[in-house]
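Peer 1: Here you go, one structure.
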Amino acid sequence: MRFFISLLFICTCLSSHAQNLKAPSDFLGYELGTRFTPHHRVLDYYSYLSENAPSRVRLENYGETNEGRPLILAYISTAKNMKNREKIRLEHLKNTEGKGEPSIAIVWMSYNVHGNESVSTEASMKTVYELLTHKEESLENTLVIVDPCVNPDGRDRYVNWYNQYKNSPYTIDPNSAEHHEPWLNGRPNHYMFDLNRDWAWLTQVESRQRIKVYNKWLPHVHVDFHEQGVDSPYYFAPAAEPFHEVITDFQREFQTTVGKNHAKYFDANGWFYFTKEVFDLLYPSYGDTFPTYNGSIGMTYEQGGSGSAGLGVRTGTGDTLTLKDRILHHHTTGLSTLEIASQNAVRLNQEFKKFYQPKDFKYKSYVLNGNPDKLKALTELLTKHEIEYEWATDKTVKGFNYVSGKNGSVKTDNNTLVVNSDQKKGTLVKVLFEPNTKLSDSLTYDITAWSLPYAYGLNAIASETKVAAKTTTDRNNFEALNLEELSSKSYAFLIKWNSFSDARFLADLLNSNIKVRYAQNPFVMDGVSYDRGTLIITKSDNKNLPDFLDSLRSKALKHQKVVYPTSTGFVDGGKDFGSHSVQPLKKAKVALLSGKPTSTLNFGEIWYFFEQQLQYPVSVLNSDYFNTVDLSEYDVLILPSGKPYAQFLNQARMKSLKQWVRDGGKLIAMGSALKDFAKDKTLQLKAKNIKKDSIAPIPIYDHDQREQIKNEITGAIFKTKINNTHPLAYGYDDIYFSLKLGVDAYAYLDKGTVAYLDGNGIQPVAGFAGSDAQQKIAETLVFGVEKYGSGQLVYMVDNPLFRGFWENGKLLFANALFMVD
């Protein structure tokens, strides 16, 4: 009897303690859903929960955004589970080795990856409170990890804007300013990157910090909470086709199990929803697919609303959609997910263990040769993902050759990278490295090709037999090189030009006012062959620079560059260093257009490229005040892709831009920015002339969508030919694999065609391209340069900086900045 009385007392105390926790509305001082909560107040509430329920809530600060906002995770479960949290984690990870016997389901819920899809962070607070006070039974065999805001910079950008522009009280009229975000919207992060497409590429600081913690847990279930258009009903699992072929039967089945549980609650409330449409499970860098390829049940939930909804908006049907409605819907699916995970904890653990059992993939090893800098860049990505890699020995390996597209062989040595699919992250390896992804349906939500050997510009073989390799190697160690040879007795110092790492080195040199020349023709010096683009740093050019040699040494060590000293400018073959073919590189002053009509994403890719990848200064010029800018202060102007440029490039502005180029400026136009230049009769660039009946008309009705995709390219990789004697292509072979995102087609330039598709190169080497679209892009320009007066127009039909992960395109963009002159 005493035992039961004591137990009753403890339960009463715990219940009383739980009930004493303040709901979000009570803590914040306003009813949840009547205003948007700034990020710092969200953190305050989570801190309050951890301080007042410390046995059941723990916070972890896992990083910081570009703008200095904290990134946190909240761990939530019963006091017993929280006390054993580390044991639970380790026992769970044993399942990846087939050894564990865990019984706890681990559910990770990510909120607000898109900053202006702001309802989810609000919903997270309501969901966590409900878990701790009224739904504790779901925590008995479940450990919940909550990321309340994946993208704090974007969220606060949206919240601050909305608070400035909303009516008081808010209006549901969709025409009012509060429902129309400006160009600098809240969806992306600081650098205008879509964090929901960065899980695999890890270009952004938020992604890189998150993956460290994610790999420590590898949850059974991962949910990404989103918003979509105002008039869209709620979307939840199961996902749409195509499902990637590696997704297991159980992962498919459990998506349906979860969806039916959600439907039960939505049906009871009369809420509209849809499943199995639009949002597929293919592209590997989403918050649903990436976890899926790591063994999770990865799901996207989409509530109607997004940045145009505000606190309330009138929908197309005349109904009113409020923030309170949106919170309730996300709250419902969040609790429903935890409920179904708790009910299936045993099976989730069993199937997770099965996922990590050895698989018989077709390709057992991926063997990669190429530039050491490119190999290093790839291994850095693999290390972040905890993907194992090794180095080959001297032998010959047979298999599918990525460059030729046929079976072939390659000789390997200790500088050859080997990535085996027979490892813990083997499924992820297959997805990221496979030559061409199998499509069960050609209607997809994103790009259909991303294979890393193409993205990194490496020669690769996919072998159907496992290639023997070793984890340690006697590969060249840069630190062992004798940099003392950079002495005052040297006439010049040479650096080969064939990777983006070389471009970063050059940018660092220029930023330090070290003068650099480059070779426009190949030459031989001291028995060593040097190709076009080779950097030449002469002692004479830098004679007035204090500590020149010390600075050069330190930068060579920093970038791990091999510097070849020479005692003369008299070459063994080719042009001497005093020749007109050896030109000084200009420390170019670069301007980048922002604002309408540019795409925030393409602008962000370029901005990030300069500041975080190349580390070279760039001035951002907004289109709102562009007329007041004196362009003569700049050497380079970059026009990102975006919406039609016709209004921005009016007759007067086009005339002034052409005059600026004629006077020596360099204009780099990307993607859709080319269209208006192609209409100018004084320029070489022209749209490809296509016979009217050669491309089928685009159908009008949605049910004809499968006919429409014949005219589309949804992110496919094409093998282009490239003229590597042109400065834009210095450092490349004669082939460049380009990721094509659309069907814009331009004829070859009369002079200056650098990369192009010929009549035989219209089928993608990977990914989907419609049959009519393939015909449209046959014999078209990919990259080109037009000489115009004393200046240059650089045309980039494809995007070499796509999402920051297309590593092999970065040198090309650097060439456009530094080499094209």
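Every chain in the structure tokens takes a letter, A first, then B, and so on in the order presented; its residues are numbered from 1, and the ligands are numbered from 1 following the presented order.
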Quick one: contact table of stretch 700-746 of chain A to stretch 385-407 of chain A, 10 Å max, nearest atom pair and distance in Å to one decimal per residue, counting only C-alpha atoms, chain and number order, as a Markdown table?
Peer 2:
| residue | atom | partner | partner_atom | distance |
| --- | --- | --- | --- | --- |
| A:Lys719 | CA | A:Val403 | CA | 8.3 |
| A:Ile735 | CA | A:Val403 | CA | 8.5 |
| A:Tyr736 | CA | A:Val403 | CA | 9.5 |
| A:Phe737 | CA | A:Val403 | CA | 8.8 |
Peer 1: Report as a list in words all protein, DNA and RNA residues lying within 6 Å of stretch 220-224 of chain A, evaluated on only C-alpha atoms, omitting residues in the same chain fewer than 6 positions from it.
Peer 2: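 In the requested format, the answer is Ile106, Val107, Trp108, Met109, Ser110, Gly287, Ser296, Ile297, Gly298, Met299 and Thr300 of chain A.
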Peer 1: I'd like the contact shell of A:Lys87 - 12 Å cut-off, only C-alpha atoms, skipping same-chain residues fewer than 2 positions apart - returned as JSON, numbers by chain.
Peer 2: {"A": [80, 81, 82, 83, 84, 85, 89, 90, 91, 92, 93, 94, 100, 101, 102, 103, 104, 217]}
Peer 1: Kindly indicate which residue among A:Ser336, A:Asn215, A:Thr448, A:Thr753 lies nearest to A:Gly715, using only C-alpha atoms for the distances.
Peer 2: A:Thr448
Peer 1: Under the rule that only C-alpha atoms are counted, which of A:Glu611, A:Val563, A:Ala449, A:Tyr732 is the nearest residue to A:Ile713?
Peer 2: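 Checking each of A:Glu611, A:Val563, A:Ala449, A:Tyr732 against A:Ile713, counting only C-alpha atoms, the winner is A:Ala449.
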Peer 1: Near A:Lys555, counting only C-alpha atoms, which residues have an atom at most 12 Å away, once you skip same-chain residues fewer than 6 positions from it, shown as a list in words?
Peer 2: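 In the requested format, the answer is Leu483, Asp502, Arg504, Phe505, Leu506, Ala507, Asp508, Leu509, Leu510, Asn511, Ser512, Ile514, Phe548, Leu549, Lys561, Val562 and Val563 of chain A.
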Peer 1: Selected residues, N, CA and C atoms, written as a compact mmCIF listing (two decimals), in the first residue's frame, please.
Peer 2:
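What ended up in out18.txt:
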# COMPACT_ATOMS: atom_id res chain seq x y z
N LEU A 483 59.76 24.50 -50.08
CA LEU A 483 59.40 25.85 -50.49
C LEU A 483 60.54 26.83 -50.31
N ASP A 502 43.30 26.51 -57.89
CA ASP A 502 44.26 27.46 -58.46
C ASP A 502 43.65 28.85 -58.55
N ARG A 504 41.35 30.09 -56.51
CA ARG A 504 41.34 30.66 -55.16
C ARG A 504 42.72 31.21 -54.79
N PHE A 505 43.76 30.48 -55.21
CA PHE A 505 45.12 30.93 -54.96
C PHE A 505 45.38 32.25 -55.68
N LEU A 506 44.95 32.34 -56.94
CA LEU A 506 45.12 33.57 -57.70
C LEU A 506 44.37 34.73 -57.02
N ALA A 507 43.14 34.49 -56.59
CA ALA A 507 42.36 35.54 -55.93
C ALA A 507 43.08 36.04 -54.69
N ASP A 508 43.66 35.12 -53.94
CA ASP A 508 44.40 35.51 -52.73
C ASP A 508 45.62 36.35 -53.10
N LEU A 509 46.32 35.97 -54.15
CA LEU A 509 47.48 36.74 -54.59
C LEU A 509 47.07 38.16 -54.99
N LEU A 510 46.01 38.27 -55.79
CA LEU A 510 45.57 39.58 -56.25
C LEU A 510 45.08 40.45 -55.09
N ASN A 511 44.39 39.81 -54.14
CA ASN A 511 43.91 40.55 -52.97
C ASN A 511 45.08 41.11 -52.15
N SER A 512 46.23 40.46 -52.25
CA SER A 512 47.43 40.89 -51.52
C SER A 512 48.33 41.77 -52.38
N ILE A 514 49.86 41.14 -55.06
CA ILE A 514 50.94 40.48 -55.80
C ILE A 514 50.56 40.46 -57.27
N PHE A 548 57.72 40.20 -50.36
CA PHE A 548 57.09 39.49 -51.47
C PHE A 548 57.27 37.98 -51.37
N LEU A 549 58.49 37.53 -51.16
CA LEU A 549 58.76 36.09 -51.12
C LEU A 549 58.08 35.42 -49.93
N LYS A 561 49.77 24.81 -52.92
CA LYS A 561 50.09 24.92 -54.34
C LYS A 561 51.57 24.61 -54.58
N VAL A 562 51.82 23.84 -55.60
CA VAL A 562 53.20 23.58 -56.03
C VAL A 562 53.66 24.78 -56.87
N VAL A 563 54.70 25.45 -56.41
CA VAL A 563 55.25 26.61 -57.10
C VAL A 563 56.57 26.20 -57.73
Peer 1: Can you tell me, as a PyMOL selection string, what residues are no more than 12 Å from A:Thr566 when counting only C-alpha atoms, ignoring any on the same chain fewer than 4 positions away?
Peer 2: chain A and resi 485-495+524-528+536-539+570-572+577
Peer 1: Calculated over only C-alpha atoms, which of the candidates A:Ser232, A:Asn20, A:Thr628, A:Ser790 has the smallest distance to A:Lys666?
Peer 2: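 Closest to A:Lys666, using only C-alpha atoms: A:Ser790.
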Peer 1: Show which residues sit within 12 Å of A:Lys658, as a PyMOL selection string. Count only C-alpha atoms, and ignore same-chain residues fewer than 5 positions away.
Peer 2: chain A and resi 631+637+649+651-653+663-667+677+680+682-683+786-793
Peer 1: For those residues, write N, CA, C and O atoms to a file as a PDB file, in the first residue's frame.
Peer 2:
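Result file follows (selection-v5.pdb):
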ATOM      1  N   LEU A 631      29.168  53.070 -64.108  1.00  0.00           N
ATOM      2  CA  LEU A 631      29.729  51.756 -64.444  1.00  0.00           C
ATOM      3  C   LEU A 631      31.210  51.821 -64.789  1.00  0.00           C
ATOM      4  O   LEU A 631      31.898  50.794 -64.755  1.00  0.00           O
ATOM      5  N   LEU A 637      30.716  43.305 -65.027  1.00  0.00           N
ATOM      6  CA  LEU A 637      29.329  43.343 -64.563  1.00  0.00           C
ATOM      7  C   LEU A 637      28.694  41.996 -64.851  1.00  0.00           C
ATOM      8  O   LEU A 637      28.759  41.503 -65.975  1.00  0.00           O
ATOM      9  N   LEU A 649      16.377  45.913 -69.276  1.00  0.00           N
ATOM     10  CA  LEU A 649      17.229  46.202 -70.435  1.00  0.00           C
ATOM     11  C   LEU A 649      16.431  46.960 -71.493  1.00  0.00           C
ATOM     12  O   LEU A 649      16.265  46.499 -72.624  1.00  0.00           O
ATOM     13  N   GLN A 651      15.703  50.192 -74.063  1.00  0.00           N
ATOM     14  CA  GLN A 651      16.557  50.661 -75.162  1.00  0.00           C
ATOM     15  C   GLN A 651      17.707  51.531 -74.662  1.00  0.00           C
ATOM     16  O   GLN A 651      18.853  51.372 -75.080  1.00  0.00           O
ATOM     17  N   ALA A 652      17.405  52.440 -73.733  1.00  0.00           N
ATOM     18  CA  ALA A 652      18.444  53.347 -73.231  1.00  0.00           C
ATOM     19  C   ALA A 652      19.507  52.591 -72.444  1.00  0.00           C
ATOM     20  O   ALA A 652      20.707  52.839 -72.592  1.00  0.00           O
ATOM     21  N   ARG A 653      19.059  51.651 -71.597  1.00  0.00           N
ATOM     22  CA  ARG A 653      20.026  50.923 -70.773  1.00  0.00           C
ATOM     23  C   ARG A 653      20.858  49.982 -71.625  1.00  0.00           C
ATOM     24  O   ARG A 653      22.054  49.829 -71.403  1.00  0.00           O
ATOM     25  N   ASP A 663      33.843  50.235 -74.468  1.00  0.00           N
ATOM     26  CA  ASP A 663      34.948  50.994 -73.878  1.00  0.00           C
ATOM     27  C   ASP A 663      35.902  50.131 -73.055  1.00  0.00           C
ATOM     28  O   ASP A 663      36.849  50.652 -72.462  1.00  0.00           O
ATOM     29  N   GLY A 664      35.636  48.818 -73.002  1.00  0.00           N
ATOM     30  CA  GLY A 664      36.562  47.932 -72.307  1.00  0.00           C
ATOM     31  C   GLY A 664      35.965  47.128 -71.178  1.00  0.00           C
ATOM     32  O   GLY A 664      36.664  46.361 -70.516  1.00  0.00           O
ATOM     33  N   GLY A 665      34.666  47.267 -70.939  1.00  0.00           N
ATOM     34  CA  GLY A 665      34.019  46.496 -69.878  1.00  0.00           C
ATOM     35  C   GLY A 665      33.789  45.050 -70.272  1.00  0.00           C
ATOM     36  O   GLY A 665      33.787  44.697 -71.456  1.00  0.00           O
ATOM     37  N   LYS A 666      33.604  44.223 -69.269  1.00  0.00           N
ATOM     38  CA  LYS A 666      33.303  42.803 -69.501  1.00  0.00           C
ATOM     39  C   LYS A 666      31.950  42.496 -68.865  1.00  0.00           C
ATOM     40  O   LYS A 666      31.772  42.649 -67.656  1.00  0.00           O
ATOM     41  N   LEU A 667      31.004  42.066 -69.666  1.00  0.00           N
ATOM     42  CA  LEU A 667      29.667  41.752 -69.182  1.00  0.00           C
ATOM     43  C   LEU A 667      29.453  40.244 -69.250  1.00  0.00           C
ATOM     44  O   LEU A 667      29.636  39.634 -70.309  1.00  0.00           O
ATOM     45  N   PHE A 677      19.830  40.099 -75.222  1.00  0.00           N
ATOM     46  CA  PHE A 677      21.030  40.325 -76.038  1.00  0.00           C
ATOM     47  C   PHE A 677      20.889  39.637 -77.391  1.00  0.00           C
ATOM     48  O   PHE A 677      21.407  40.106 -78.402  1.00  0.00           O
ATOM     49  N   ASP A 680      19.230  41.812 -80.010  1.00  0.00           N
ATOM     50  CA  ASP A 680      19.947  42.991 -80.484  1.00  0.00           C
ATOM     51  C   ASP A 680      20.666  42.661 -81.792  1.00  0.00           C
ATOM     52  O   ASP A 680      21.546  41.805 -81.829  1.00  0.00           O
ATOM     53  N   THR A 682      22.876  44.165 -83.407  1.00  0.00           N
ATOM     54  CA  THR A 682      24.296  44.543 -83.506  1.00  0.00           C
ATOM     55  C   THR A 682      25.206  43.522 -82.841  1.00  0.00           C
ATOM     56  O   THR A 682      26.428  43.648 -82.919  1.00  0.00           O
ATOM     57  N   LEU A 683      24.629  42.508 -82.172  1.00  0.00           N
ATOM     58  CA  LEU A 683      25.427  41.508 -81.465  1.00  0.00           C
ATOM     59  C   LEU A 683      25.370  40.175 -82.194  1.00  0.00           C
ATOM     60  O   LEU A 683      24.429  39.882 -82.934  1.00  0.00           O
ATOM     61  N   GLU A 786      31.888  36.996 -76.947  1.00  0.00           N
ATOM     62  CA  GLU A 786      31.854  37.885 -78.104  1.00  0.00           C
ATOM     63  C   GLU A 786      32.718  39.109 -77.825  1.00  0.00           C
ATOM     64  O   GLU A 786      32.507  39.820 -76.839  1.00  0.00           O
ATOM     65  N   LYS A 787      33.687  39.330 -78.716  1.00  0.00           N
ATOM     66  CA  LYS A 787      34.492  40.542 -78.644  1.00  0.00           C
ATOM     67  C   LYS A 787      33.651  41.695 -79.153  1.00  0.00           C
ATOM     68  O   LYS A 787      33.061  41.635 -80.233  1.00  0.00           O
ATOM     69  N   TYR A 788      33.573  42.776 -78.367  1.00  0.00           N
ATOM     70  CA  TYR A 788      32.742  43.912 -78.748  1.00  0.00           C
ATOM     71  C   TYR A 788      33.504  45.191 -78.424  1.00  0.00           C
ATOM     72  O   TYR A 788      33.655  45.563 -77.263  1.00  0.00           O
ATOM     73  N   GLY A 789      34.004  45.836 -79.449  1.00  0.00           N
ATOM     74  CA  GLY A 789      34.856  46.993 -79.227  1.00  0.00           C
ATOM     75  C   GLY A 789      36.092  46.576 -78.455  1.00  0.00           C
ATOM     76  O   GLY A 789      36.781  45.612 -78.809  1.00  0.00           O
ATOM     77  N   SER A 790      36.393  47.282 -77.385  1.00  0.00           N
ATOM     78  CA  SER A 790      37.540  46.933 -76.543  1.00  0.00           C
ATOM     79  C   SER A 790      37.159  45.979 -75.421  1.00  0.00           C
ATOM     80  O   SER A 790      38.015  45.591 -74.618  1.00  0.00           O
ATOM     81  N   GLY A 791      35.876  45.590 -75.344  1.00  0.00           N
ATOM     82  CA  GLY A 791      35.410  44.746 -74.253  1.00  0.00           C
ATOM     83  C   GLY A 791      34.934  43.378 -74.700  1.00  0.00           C
ATOM     84  O   GLY A 791      35.127  42.972 -75.852  1.00  0.00           O
ATOM     85  N   GLN A 792      34.273  42.683 -73.771  1.00  0.00           N
ATOM     86  CA  GLN A 792      33.844  41.307 -74.012  1.00  0.00           C
ATOM     87  C   GLN A 792      32.443  41.094 -73.462  1.00  0.00           C
ATOM     88  O   GLN A 792      32.081  41.631 -72.403  1.00  0.00           O
ATOM     89  N   LEU A 793      31.672  40.290 -74.184  1.00  0.00           N
ATOM     90  CA  LEU A 793      30.393  39.788 -73.695  1.00  0.00           C
ATOM     91  C   LEU A 793      30.541  38.287 -73.499  1.00  0.00           C
ATOM     92  O   LEU A 793      30.822  37.556 -74.463  1.00  0.00           O
TER      93      LEU A 793
END
Peer 1: Identify, on the basis of only C-alpha atoms, every residue whose closest approach to A:Leu811 does not exceed 8 Å; exclude the query and any residue fewer than 4 positions from it along the same chain; express the result as a ChimeraX atom specification.
Peer 2: /A:498-500,503,731,815
Peer 1: DSSP on the backbone, then: every residue of stretch 218-440 of chain A marked helix (DSSP H, G or I), written as an MDAnalysis selection string.
Peer 2: chainID A and resid 249:269 289:292 306:308 323:343 345:355 372:384 426:433
Peer 1: Find the nearest atom pair between each residue of stretch 195-276 of chain A and stretch 59-71 of chain A for residues within 8 Å, count only C-alpha atoms, give distances in Å to one decimal, sort rows by chain and ascending number, and present the table as CSV.
Peer 2:
residue,atom,partner,partner_atom,distance
A:Val205,CA,A:Thr65,CA,6.7
A:Glu206,CA,A:Thr65,CA,6.1
A:Gln209,CA,A:Gly63,CA,5.9
A:Arg210,CA,A:Tyr62,CA,6.8
A:Val213,CA,A:Tyr62,CA,7.4
Peer 1: Take the residues from that selection and write them out as a PDB file, in the first residue's frame, keeping N, CA and C atoms.
Peer 2:
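again-v3.pdb written:
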ATOM      1  N   VAL A 205      26.579  26.848 -44.488  1.00  0.00           N
ATOM      2  CA  VAL A 205      27.052  26.645 -43.118  1.00  0.00           C
ATOM      3  C   VAL A 205      25.986  25.948 -42.267  1.00  0.00           C
ATOM      4  N   GLU A 206      24.697  26.250 -42.509  1.00  0.00           N
ATOM      5  CA  GLU A 206      23.648  25.582 -41.740  1.00  0.00           C
ATOM      6  C   GLU A 206      23.657  24.084 -42.006  1.00  0.00           C
ATOM      7  N   GLN A 209      26.806  22.242 -40.462  1.00  0.00           N
ATOM      8  CA  GLN A 209      26.737  22.061 -39.014  1.00  0.00           C
ATOM      9  C   GLN A 209      25.683  21.028 -38.631  1.00  0.00           C
ATOM     10  N   ARG A 210      24.574  21.023 -39.363  1.00  0.00           N
ATOM     11  CA  ARG A 210      23.494  20.086 -39.050  1.00  0.00           C
ATOM     12  C   ARG A 210      23.901  18.643 -39.328  1.00  0.00           C
ATOM     13  N   VAL A 213      25.473  16.522 -36.535  1.00  0.00           N
ATOM     14  CA  VAL A 213      24.578  15.976 -35.519  1.00  0.00           C
ATOM     15  C   VAL A 213      23.682  14.903 -36.126  1.00  0.00           C
TER      16      VAL A 213
END
Peer 1: Using only C-alpha atoms, can you tell me which of A:Leu311, A:Val144, A:Leu601, A:Val516 comes closest to A:Ser168?
Peer 2: A:Leu311
